[in-house]
Every structure is written in C-alpha cells, then in structure tokens.
Amino acid sequence: MEGLIGRSSKIMLQRIQTKSIIKPNLLNLRPHRSFSYSVSAKLINSNVESNEQKETSRIPLNLVHSEILRASLSFVPKYGWSVESLSHGANSLGYPSVSHGLFPRGGVELIEWFLEDSRRKMVNELIDKMDGLKIHQKIRLACITRLNYTKPYVKKWSEALAIMAQPNNVQTSIEHLAKLVDDMWYLAGDKSADVSNIIMYRDVQNIMDTFLNIPMMNWYTKRGSLAVIYSSTELYMTQDISPDYTGTFQFLDHRLQDIATFGRVVGEIDTFVGFVTKSLVGVLASGLEILINKVATPEL
Amino acid sequence: MLPEELVSLMEFIRLFDSYMRGLTTKNDYIELMRSVGDIAMGFLNYCKEIHGDTSAQVTLLDINPKMLDVGRERFNKTPYNQTSQIQFEIGNAENLSTISSNSFDVYTIAFGIRNCTHIDRVLSEAYRVLRPGGRFMCLEFGKVQNPIISSIYNLYSFQIIPVLGQVIAADRDSYQYLVESIQRFPSQDKFTEMIKDTGFTVIDKGWEDLTFGISAIHSGFKL
C-alpha cells in the first residue's frame with residue numbers, strides 16, 4: 001500500500017501524526033502540486049504545437065515517445081490498443097512503422113500513456129473550476145470529466161480492460177487507478193484550514209459519521225470507495241447505448257448515493273472496508289463477465 | 001558456421017519477426033555482411049506471407065564480392081529473383097559512400113561487426129544511413145556472465161573449436177581467429193554504451209541475451 005500513497009496523502013498523514021497542526025500549511029500543498037501538473041502539461045502541449053511545422057527529426061527526444069503515442073490514439077478505434085495502432089501512429093508522423101519497437105510491451109504502453117495523459121488533463125481542466133461546489137458535486141464533476149476522455153475509445157475500452165487485467169499488467173493498472181482516485185480527492189479537498197479538512201465525509205451528505213474517529217482509515221475508505229464507483233461506472237460505460245451516455249451518468253449518481261446510504265447503514269469500519277474490497281473484486285469479476293459475453297456474442 | 005551461430009541466428013530471426021510486426025508501408029531494409037541473405041530472405045517471406053506486402057526492398061551489402069555471389073545464387077532459386085526487391089552491393093561497412101543518408105528503415109548486421117576494425121565507424125555509418133525512427137539491430141557474440149558456464153564455454157572455445165576446425169575444414173587458423181575475435185569484442189553493456197554514444201536511442205536494457213550471453217541482440221533507434 002505504501003507505493004500507492006500519493007503525495008497529498010503522505011503530507012496528510014504527516015499532519016495527522018504530528019497532531020499539533022490544526023491549520024495545515026496549504027501554501028506548501030496546493031500551489032506546489034498544481035504548479036507541477038500545469039507546468040508539465042503546458043510543456044508537453046506547447047512543444048506539440050510548436051513542433052507541428054518542423055521535420056520529425058528535430059522533435060526533442062523525450063517528446064517523440066509521447067508524440068507517437070498521441071498520434072496512435074486516433075487509430076485506436078480502428079485497430080484497438082495494439083502494435084498496429086502504434087505503427088500507424090508512427091507512420092502518420094513520418095516515422096517508419098518499425099518505430100513501434102520504441103514501445104516493447106506494445107498496446108499496454110499506449111493504454112498506460114492514455115491513462116496518465118487523461119489524468120493530467122483532468123487535473124488541469126478542473127483545478128480552477130472547483131470553487132463554490134460541495135464536495136460530492138466536485139467528486140461527481142471529476143468523475144464526469146474523466147469519463148468524457150474515455151468516450152472516443154469506448155468501443156475498444158473493454159479490450160483495454162482485458163489487457164490491463166492480465167497478470168503482468170495488473171499492478172500498473174491498479175496504480176493508475178489509485179493515482180486517479182487520489183487526484184480526484186485532492187481536487188475535491190476542502191480548502192478550509194481546519195481539522196474537519198481531514199474528515200472529509202462530513203460534507204458529503206452526512207455519510208460515515210461513525211468513521212470520524214479514525215482519520216487514517218478514512219483516507220483509505222474514501223479512495224477505495226471512489227475507486228469502486230469510478231471503475232464500475234467506466235465498466236458500465238463500455239456497454240451503455242443510451243444517447244449521450246445519460247445512462248452512465250445516472251449510474252454514477254446512483255453509485256454516489258449508494259455510498260451515502262451504505263455509509264449510514266454500515267456501522268463498523270472493518271465491515272465497510274471489507275465491503276469496499278469485495279466491491280472492487282466484484283467490479284473486476286463483472287468486468288471479466290462482460291468481456292466474456294462480448295466475446296461470446298457478436299458486436300452490435 | 002558454428003552451431004551457436006546457427007542457434008542464435010534462428011533466435012534472431014524469430015525476434016526479428018516480433019520486431020517487424022505491424023509493418024504497414026513500404027519498408028527499406030539493409031543488411032550487412034550477411035549476404036548469404038538468410039535474414040533478408042526471412043524478412044521478405046514474412047512481409048509477403050503475413051502482410052501480403054511485396055513492396056519491401058532489401059539491400060544486401062558485403063565487402064567481399066564472392067559472398068555476394070553466393071547470395072545471388074541463393075536468391076536465384078527463390079521467386080524474388082525476378083522482382084526488384086533484392087539489391088546486392090559491394091561496400092565497406094565503415095564507409096558506406098555509395099549509400100545516401102536517411103535512406104533505410106532497418107539496418108541489421110549479424111555476426112559481422114566484430115570483424116570490423118573500427119566498430120565506432122560502422123555504428124556511425126549505420127546511424128547516418130537510417131531514417132529517423134529507423135531501427136539498428138546487431139546480433140553478435142557477447143560475454144557470458146555466469147561463471148560456471150563461462151568457464152565451460154571458454155574451454156570449449158579455445159580447446160575444441162580450433163581442433164574441430166583443423167579436423168573438419170583443415171583450417172585451424174581461421175577458427176583460432178574466430179575465437180580470439182569473440183574474446184576481443186566488448187561486453188554487452190560496453191557495446192550498448194558505444195551504440196548510445198553514436199546517438200542511437202536505446203530502449204530498456206538495449207540488448208537481449210541468447211543462451212546465457214553467448215550471443216546477444218543489440219538494438220537502437222535513430223530518433
């Protein structure tokens with residue numbers, strides 16, 4: 001679990017342990033973190049724009065990888081998350097198709113880059129839009145923003161989930177989910193500088209009042225439950241045929257409601273944690289079932 | 001050809017297949033010092049059978065015209081005889097003056113680079129001749145890391161191979177040279193450093209060991 005703890009949470013854990021800090025030094029937290037996100041994203045974006053006119057050989061080395069990956073994404077709806085997309089992407093930039101060898105693990109690298117890139121885009125997009133919203137609204141907005149990035153590839157997303165579920169890829173896919181959920185909660189974090197900042201669920205429809213006495217478990221349950229909500233919603237989206245994905249967003253709202261309900265009903269932390277873990281396993285299992293059904297039945 | 005050469009070559013071709021997967025457009029491929037053309041033939045067959053592509057161009061280059069003749073004979077027996085897919089050229093790997101820059105997608109050299117006097121010149125010529133995004137692949141003998149296997153291998157190399165050469169081909173000296181040239185060739189990581197110094201982008205480790213490091217496939221991209 002250590003490796004999955006994000007930067008915000010490490011700082012938060014330190015705050016809890018010292019106990020003397022009531023007003024955490026947010027000047028250290030927010031600007032630093034947001035700065036690193038927006039700078040790195042802007043670097044990538046600005047280099048993309050300025051290099052469009054140049055020959056392919058003059059793009060700086062460390063950006064060629066992301067260039068090829070970005071170009072490959074447009075071929076994903078046709079060729080899936082595979083080496084074919086990568087070689088078409090490389091071709092579209094003027095590189096020979098052997099350049100797919102830059103990504104020795106093949107389609108997985110494309111998926112991982114897509115997850116990373118979407119997460120950064122979500123943070124950049126939402127970092128200024130979170131004012132004036134309640135926490136559960138912020139979480140909802142973050143989920144919706146992130147789900148929108150998957151929309152162009154939703155037909156092939158079940159293939160991506162299947163690849164991510166493979167044993168050698170499971171670890172990185174869980175890490176990406178953990179980072180995503182960490183960022184969502186970071187974005188939704190209350191800006192007020194009092195102790196209730198640690199106890200975040202107080203604002204979220206009175207759920208989990210019983211967990212307030214153990215703030216650390218709160219951190220895990222918040223992220224765990226959001227991971228379950230987000231991944232089950234994404235799974236729902238892969239087989240949602242409602243116009244404009246209204247079904248998906250309804251599903252999201254229902255899940256957010258469920259957490260509120262269960263939070264009130266379930267009185268004990270360990271039971272809730274168990275529920276979250278089982279739900280995550282259940283999500284993965286149902287994902288597998290959907291994939292199996294997709295294989296068994298023809299694509300509509 | 002030594003038995004381990006043969007095994008490594010087959011492994012190289014198999015890995016080459018996985019590297020070549022996803023070929024979509026016309027690919028230009030230059031192969032050095034292997035004008036016997038086994039890899040080239042494998043490549044063309046692969047393009048035709050798996051991708052239905054007959055526009056791939058292969059250039060076989062060697063400093064020795066007689067090797068090229070052997071290659072021509074081999075290819076005459078194949079259907080590629082009539083097409084323009086194969087070209088034979090005489091040239092020095094250290095100075096590819098007849099080949100323009102940025103003209104090939106793939107450059108391979110199998111068991112040839114240790115015979116060159118100036119390896120760094122071969123590498124820089126390879127860099128020059130490749131297009132941006134092109135791949136350099138080199139199959140060559142390497143150093144064995146495992147000490148037990150290393151001692152067995154050394155014993156075999158220095159005691160058995162020259163004797164076999166004498167007995168079978170009546171040419172002890174060539175095989176003595178062979179074993180000494182293997183010994184003199186830099187280890188896998190030093191060679192990867194040389195590849196990086198030339199300007200190639202190396203992914204991950206940069207080489208793959210075959211049979212405990214007796215041979216290794218080195219790879220780099222020109223970006």
# chains A, B, ... in the order shown; residues from 1 in each chain; ligands from 1
call {"tool": "residues_around", "arguments": {"residues": "segment 82-95 of chain B", "least_positions_apart": "5", "cutoff": "6 Å", "atoms": "only C-alpha atoms", "output": "PyMOL selection string"}}
result
chain B and resi 57-63+121-122
call {"tool": "write_last_selection", "arguments": {"atoms": "all heavy atoms", "output": "mmCIF file, in the first residue's frame"}}
result
data_model
loop_
_atom_site.group_PDB
_atom_site.id
_atom_site.type_symbol
_atom_site.label_atom_id
_atom_site.label_comp_id
_atom_site.auth_asym_id
_atom_site.auth_seq_id
_atom_site.Cartn_x
_atom_site.Cartn_y
_atom_site.Cartn_z
ATOM 1 N N GLN B 57 11.886 -3.492 -49.773
ATOM 2 C CA GLN B 57 13.150 -3.513 -50.502
ATOM 3 C C GLN B 57 14.250 -3.961 -49.558
ATOM 4 O O GLN B 57 14.345 -3.464 -48.436
ATOM 5 C CB GLN B 57 13.508 -2.102 -50.965
ATOM 6 C CG GLN B 57 12.514 -1.499 -51.910
ATOM 7 C CD GLN B 57 12.795 -1.919 -53.320
ATOM 8 O OE1 GLN B 57 13.940 -2.217 -53.651
ATOM 9 N NE2 GLN B 57 11.774 -1.972 -54.128
ATOM 10 N N VAL B 58 15.081 -4.844 -50.052
ATOM 11 C CA VAL B 58 16.189 -5.300 -49.233
ATOM 12 C C VAL B 58 17.489 -5.046 -49.976
ATOM 13 O O VAL B 58 17.591 -5.331 -51.163
ATOM 14 C CB VAL B 58 16.073 -6.811 -48.946
ATOM 15 C CG1 VAL B 58 17.264 -7.285 -48.176
ATOM 16 C CG2 VAL B 58 14.804 -7.107 -48.199
ATOM 17 N N THR B 59 18.459 -4.528 -49.264
ATOM 18 C CA THR B 59 19.785 -4.353 -49.859
ATOM 19 C C THR B 59 20.766 -5.189 -49.067
ATOM 20 O O THR B 59 20.840 -5.076 -47.841
ATOM 21 C CB THR B 59 20.211 -2.872 -49.778
ATOM 22 O OG1 THR B 59 19.240 -2.087 -50.433
ATOM 23 C CG2 THR B 59 21.553 -2.679 -50.437
ATOM 24 N N LEU B 60 21.482 -6.014 -49.748
ATOM 25 C CA LEU B 60 22.489 -6.824 -49.092
ATOM 26 C C LEU B 60 23.848 -6.257 -49.436
ATOM 27 O O LEU B 60 24.171 -6.067 -50.608
ATOM 28 C CB LEU B 60 22.409 -8.274 -49.574
ATOM 29 C CG LEU B 60 21.155 -8.994 -49.127
ATOM 30 C CD1 LEU B 60 20.957 -10.255 -49.937
ATOM 31 C CD2 LEU B 60 21.254 -9.350 -47.669
ATOM 32 N N LEU B 61 24.633 -6.003 -48.413
ATOM 33 C CA LEU B 61 25.895 -5.342 -48.651
ATOM 34 C C LEU B 61 27.020 -6.141 -48.033
ATOM 35 O O LEU B 61 26.917 -6.615 -46.907
ATOM 36 C CB LEU B 61 25.841 -3.935 -48.038
ATOM 37 C CG LEU B 61 26.965 -2.993 -48.407
ATOM 38 C CD1 LEU B 61 26.391 -1.620 -48.664
ATOM 39 C CD2 LEU B 61 27.988 -2.908 -47.324
ATOM 40 N N ASP B 62 28.114 -6.276 -48.757
ATOM 41 C CA ASP B 62 29.257 -7.000 -48.227
ATOM 42 C C ASP B 62 30.512 -6.452 -48.878
ATOM 43 O O ASP B 62 30.476 -5.942 -50.007
ATOM 44 C CB ASP B 62 29.112 -8.505 -48.520
ATOM 45 C CG ASP B 62 29.889 -9.351 -47.541
ATOM 46 O OD1 ASP B 62 31.123 -9.150 -47.429
ATOM 47 O OD2 ASP B 62 29.280 -10.198 -46.874
ATOM 48 N N ILE B 63 31.628 -6.611 -48.190
ATOM 49 C CA ILE B 63 32.877 -6.096 -48.742
ATOM 50 C C ILE B 63 33.498 -7.116 -49.686
ATOM 51 O O ILE B 63 34.333 -6.796 -50.516
ATOM 52 C CB ILE B 63 33.837 -5.728 -47.585
ATOM 53 C CG1 ILE B 63 34.906 -4.763 -48.068
ATOM 54 C CG2 ILE B 63 34.425 -6.960 -46.954
ATOM 55 C CD1 ILE B 63 35.708 -4.178 -46.947
ATOM 56 N N ARG B 121 33.094 3.427 -36.326
ATOM 57 C CA ARG B 121 32.788 3.956 -37.655
ATOM 58 C C ARG B 121 31.609 3.216 -38.270
ATOM 59 O O ARG B 121 30.767 3.821 -38.940
ATOM 60 C CB ARG B 121 33.996 3.823 -38.586
ATOM 61 C CG ARG B 121 35.044 4.843 -38.290
ATOM 62 C CD ARG B 121 36.102 4.863 -39.368
ATOM 63 N NE ARG B 121 37.376 5.244 -38.806
ATOM 64 C CZ ARG B 121 38.543 5.045 -39.396
ATOM 65 N NH1 ARG B 121 38.597 4.440 -40.565
ATOM 66 N NH2 ARG B 121 39.652 5.430 -38.820
ATOM 67 N N VAL B 122 31.570 1.911 -38.022
ATOM 68 C CA VAL B 122 30.426 1.142 -38.535
ATOM 69 C C VAL B 122 29.133 1.678 -37.922
ATOM 70 O O VAL B 122 28.124 1.874 -38.614
ATOM 71 C CB VAL B 122 30.594 -0.351 -38.196
ATOM 72 C CG1 VAL B 122 29.378 -1.140 -38.627
ATOM 73 C CG2 VAL B 122 31.831 -0.912 -38.840
#
call {"tool": "interface_residues", "arguments": {"of": "chain A", "to": "chain B", "cutoff": "8 Å", "atoms": "only C-alpha atoms", "output": "list of chain:residue names"}}
result
A:Thr56, A:Ser57, A:Leu61, A:Val64, A:Val83, A:Glu84, A:Ser87, A:His88, A:Tyr95, A:Pro96, A:Ser97, A:Val98, A:Ser99, A:His100, A:Gly101, A:Leu102
call {"tool": "select_by_dssp", "arguments": {"residues": "segment 114-214 of chain B", "states": "strand (DSSP E or B)", "output": "list in words"}}
result
Leu130, Arg131, Pro132, Gly133, Gly134, Arg135, Phe136, Met137, Cys138, Leu139, Glu140, Phe141, Thr201, Trp207, Glu208, Asp209 and Leu210 of chain B
call {"tool": "write_last_selection", "arguments": {"atoms": "N, CA, C and O atoms", "output": "mmCIF file, in the first residue's frame"}}
result
data_model
loop_
_atom_site.group_PDB
_atom_site.id
_atom_site.type_symbol
_atom_site.label_atom_id
_atom_site.label_comp_id
_atom_site.auth_asym_id
_atom_site.auth_seq_id
_atom_site.Cartn_x
_atom_site.Cartn_y
_atom_site.Cartn_z
ATOM 1 N N LEU B 130 20.370 5.395 -41.610
ATOM 2 C CA LEU B 130 19.000 5.124 -41.180
ATOM 3 C C LEU B 130 18.157 6.374 -41.227
ATOM 4 O O LEU B 130 18.624 7.473 -40.987
ATOM 5 N N ARG B 131 16.866 6.166 -41.476
ATOM 6 C CA ARG B 131 15.909 7.273 -41.407
ATOM 7 C C ARG B 131 15.583 7.541 -39.947
ATOM 8 O O ARG B 131 15.728 6.656 -39.115
ATOM 9 N N PRO B 132 15.070 8.730 -39.614
ATOM 10 C CA PRO B 132 14.620 8.963 -38.241
ATOM 11 C C PRO B 132 13.506 7.977 -37.889
ATOM 12 O O PRO B 132 12.559 7.809 -38.640
ATOM 13 N N GLY B 133 13.638 7.341 -36.774
ATOM 14 C CA GLY B 133 12.684 6.313 -36.381
ATOM 15 C C GLY B 133 13.131 4.928 -36.795
ATOM 16 O O GLY B 133 12.514 3.932 -36.436
ATOM 17 N N GLY B 134 14.209 4.852 -37.555
ATOM 18 C CA GLY B 134 14.673 3.563 -38.028
ATOM 19 C C GLY B 134 15.375 2.767 -36.934
ATOM 20 O O GLY B 134 15.856 3.318 -35.949
ATOM 21 N N ARG B 135 15.443 1.487 -37.129
ATOM 22 C CA ARG B 135 15.986 0.595 -36.111
ATOM 23 C C ARG B 135 17.287 -0.043 -36.547
ATOM 24 O O ARG B 135 17.397 -0.550 -37.665
ATOM 25 N N PHE B 136 18.231 -0.034 -35.649
ATOM 26 C CA PHE B 136 19.511 -0.700 -35.848
ATOM 27 C C PHE B 136 19.496 -1.985 -35.030
ATOM 28 O O PHE B 136 19.166 -1.966 -33.858
ATOM 29 N N MET B 137 19.820 -3.096 -35.681
ATOM 30 C CA MET B 137 19.841 -4.354 -34.940
ATOM 31 C C MET B 137 21.144 -5.073 -35.194
ATOM 32 O O MET B 137 21.573 -5.206 -36.334
ATOM 33 N N CYS B 138 21.739 -5.561 -34.145
ATOM 34 C CA CYS B 138 23.024 -6.216 -34.283
ATOM 35 C C CYS B 138 23.016 -7.503 -33.478
ATOM 36 O O CYS B 138 22.727 -7.501 -32.289
ATOM 37 N N LEU B 139 23.316 -8.590 -34.156
ATOM 38 C CA LEU B 139 23.438 -9.868 -33.473
ATOM 39 C C LEU B 139 24.918 -10.172 -33.390
ATOM 40 O O LEU B 139 25.611 -10.160 -34.405
ATOM 41 N N GLU B 140 25.413 -10.394 -32.189
ATOM 42 C CA GLU B 140 26.852 -10.595 -32.058
ATOM 43 C C GLU B 140 27.137 -11.419 -30.820
ATOM 44 O O GLU B 140 26.318 -11.502 -29.905
ATOM 45 N N PHE B 141 28.315 -12.006 -30.823
ATOM 46 C CA PHE B 141 28.720 -12.758 -29.649
ATOM 47 C C PHE B 141 28.940 -11.812 -28.477
ATOM 48 O O PHE B 141 29.304 -10.662 -28.661
ATOM 49 N N THR B 201 19.016 5.881 -29.770
ATOM 50 C CA THR B 201 18.191 5.813 -28.569
ATOM 51 C C THR B 201 18.011 4.350 -28.222
ATOM 52 O O THR B 201 17.560 3.571 -29.054
ATOM 53 N N TRP B 207 19.859 -4.688 -24.906
ATOM 54 C CA TRP B 207 20.260 -5.943 -25.544
ATOM 55 C C TRP B 207 19.479 -7.090 -24.919
ATOM 56 O O TRP B 207 18.926 -6.975 -23.843
ATOM 57 N N GLU B 208 19.500 -8.186 -25.673
ATOM 58 C CA GLU B 208 18.833 -9.379 -25.170
ATOM 59 C C GLU B 208 19.829 -10.525 -25.272
ATOM 60 O O GLU B 208 20.360 -10.786 -26.341
ATOM 61 N N ASP B 209 20.045 -11.197 -24.172
ATOM 62 C CA ASP B 209 20.993 -12.307 -24.177
ATOM 63 C C ASP B 209 20.367 -13.553 -24.764
ATOM 64 O O ASP B 209 19.214 -13.874 -24.482
ATOM 65 N N LEU B 210 21.152 -14.273 -25.540
ATOM 66 C CA LEU B 210 20.694 -15.569 -26.028
ATOM 67 C C LEU B 210 21.644 -16.621 -25.483
ATOM 68 O O LEU B 210 22.854 -16.433 -25.527
#
call {"tool": "closest_residue", "arguments": {"among": "B:Ile39, B:Ser181, B:Pro79, B:Gly213", "to": "Thr108 of chain B", "atoms": "only C-alpha atoms"}}
result
B:Ile39
call {"tool": "atom_distance", "arguments": {"atom1": "atom CA of Ala285 of chain A", "atom2": "atom CA of Met122 of chain A"}}
result
27.3 Å
call {"tool": "residues_around", "arguments": {"residues": "segment 130-147 of chain A", "least_positions_apart": "4", "cutoff": "7 Å", "atoms": "only C-alpha atoms", "output": "list in words"}}
result
Ser118, Met122, Leu126, Lys151, Met184, Ala188, Asp203, Val204, Tyr230 and Glu234 of chain A
call {"tool": "write_last_selection", "arguments": {"atoms": "N, CA and C atoms", "output": "PDB file, in the first residue's frame"}}
result
ATOM      1  N   SER A 118      -4.802  11.316 -19.564  1.00  0.00           N
ATOM      2  CA  SER A 118      -6.165  11.721 -19.188  1.00  0.00           C
ATOM      3  C   SER A 118      -6.200  12.250 -17.771  1.00  0.00           C
ATOM      4  N   MET A 122      -7.389  15.926 -16.753  1.00  0.00           N
ATOM      5  CA  MET A 122      -8.480  16.138 -15.802  1.00  0.00           C
ATOM      6  C   MET A 122      -8.064  17.141 -14.738  1.00  0.00           C
ATOM      7  N   LEU A 126      -9.752  20.863 -14.205  1.00  0.00           N
ATOM      8  CA  LEU A 126     -10.626  21.107 -13.060  1.00  0.00           C
ATOM      9  C   LEU A 126     -10.011  21.961 -11.969  1.00  0.00           C
ATOM     10  N   LYS A 151     -14.622   8.573 -23.782  1.00  0.00           N
ATOM     11  CA  LYS A 151     -15.701   8.448 -24.774  1.00  0.00           C
ATOM     12  C   LYS A 151     -15.237   8.080 -26.181  1.00  0.00           C
ATOM     13  N   MET A 184      -8.493  12.829  -7.742  1.00  0.00           N
ATOM     14  CA  MET A 184      -9.871  13.288  -7.642  1.00  0.00           C
ATOM     15  C   MET A 184     -10.163  13.810  -6.238  1.00  0.00           C
ATOM     16  N   ALA A 188     -11.033  17.543  -4.916  1.00  0.00           N
ATOM     17  CA  ALA A 188     -12.248  17.791  -4.154  1.00  0.00           C
ATOM     18  C   ALA A 188     -11.963  18.238  -2.734  1.00  0.00           C
ATOM     19  N   ASP A 203     -18.967  16.609   4.928  1.00  0.00           N
ATOM     20  CA  ASP A 203     -19.717  17.424   3.997  1.00  0.00           C
ATOM     21  C   ASP A 203     -20.556  16.603   3.037  1.00  0.00           C
ATOM     22  N   VAL A 204     -20.151  15.369   2.871  1.00  0.00           N
ATOM     23  CA  VAL A 204     -20.782  14.576   1.818  1.00  0.00           C
ATOM     24  C   VAL A 204     -22.016  13.877   2.352  1.00  0.00           C
ATOM     25  N   TYR A 230     -15.795   4.713  -9.527  1.00  0.00           N
ATOM     26  CA  TYR A 230     -15.294   5.112 -10.840  1.00  0.00           C
ATOM     27  C   TYR A 230     -15.136   3.919 -11.770  1.00  0.00           C
ATOM     28  N   GLU A 234     -17.126   3.221 -15.271  1.00  0.00           N
ATOM     29  CA  GLU A 234     -16.431   3.092 -16.546  1.00  0.00           C
ATOM     30  C   GLU A 234     -16.819   1.784 -17.228  1.00  0.00           C
TER      31      GLU A 234
END
call {"tool": "atom_distance", "arguments": {"atom1": "atom CA of Glu109 of chain A", "atom2": "atom CA of Glu175 of chain A"}}
result
14.1 Å
call {"tool": "atom_distance", "arguments": {"atom1": "atom CA of Ser279 of chain A", "atom2": "atom CA of Trp185 of chain A"}}
result
19.3 Å
call {"tool": "residues_around", "arguments": {"residues": "segment 171-178 of chain B", "least_positions_apart": "2", "cutoff": "10 Å", "atoms": "only C-alpha atoms", "output": "list in words"}}
result
Leu2, Arg114, Asn115, Ser157, Phe158, Gln159, Ile160, Ile161, Pro162, Val163, Leu164, Gly165, Gln166, Val167, Ile168, Ala169, Glu180, Ser181, Ile182, Gln183 and Arg184 of chain B
call {"tool": "residues_around", "arguments": {"residues": "Ser100 of chain B", "least_positions_apart": "6", "cutoff": "12 Å", "atoms": "only C-alpha atoms", "output": "ChimeraX atom specification"}}
result
/B:125-131
call {"tool": "closest_residue", "arguments": {"among": "A:Tyr149, A:Val228, A:Ala90, A:Ile111", "to": "Glu125 of chain A", "atoms": "only C-alpha atoms"}}
result
A:Tyr149
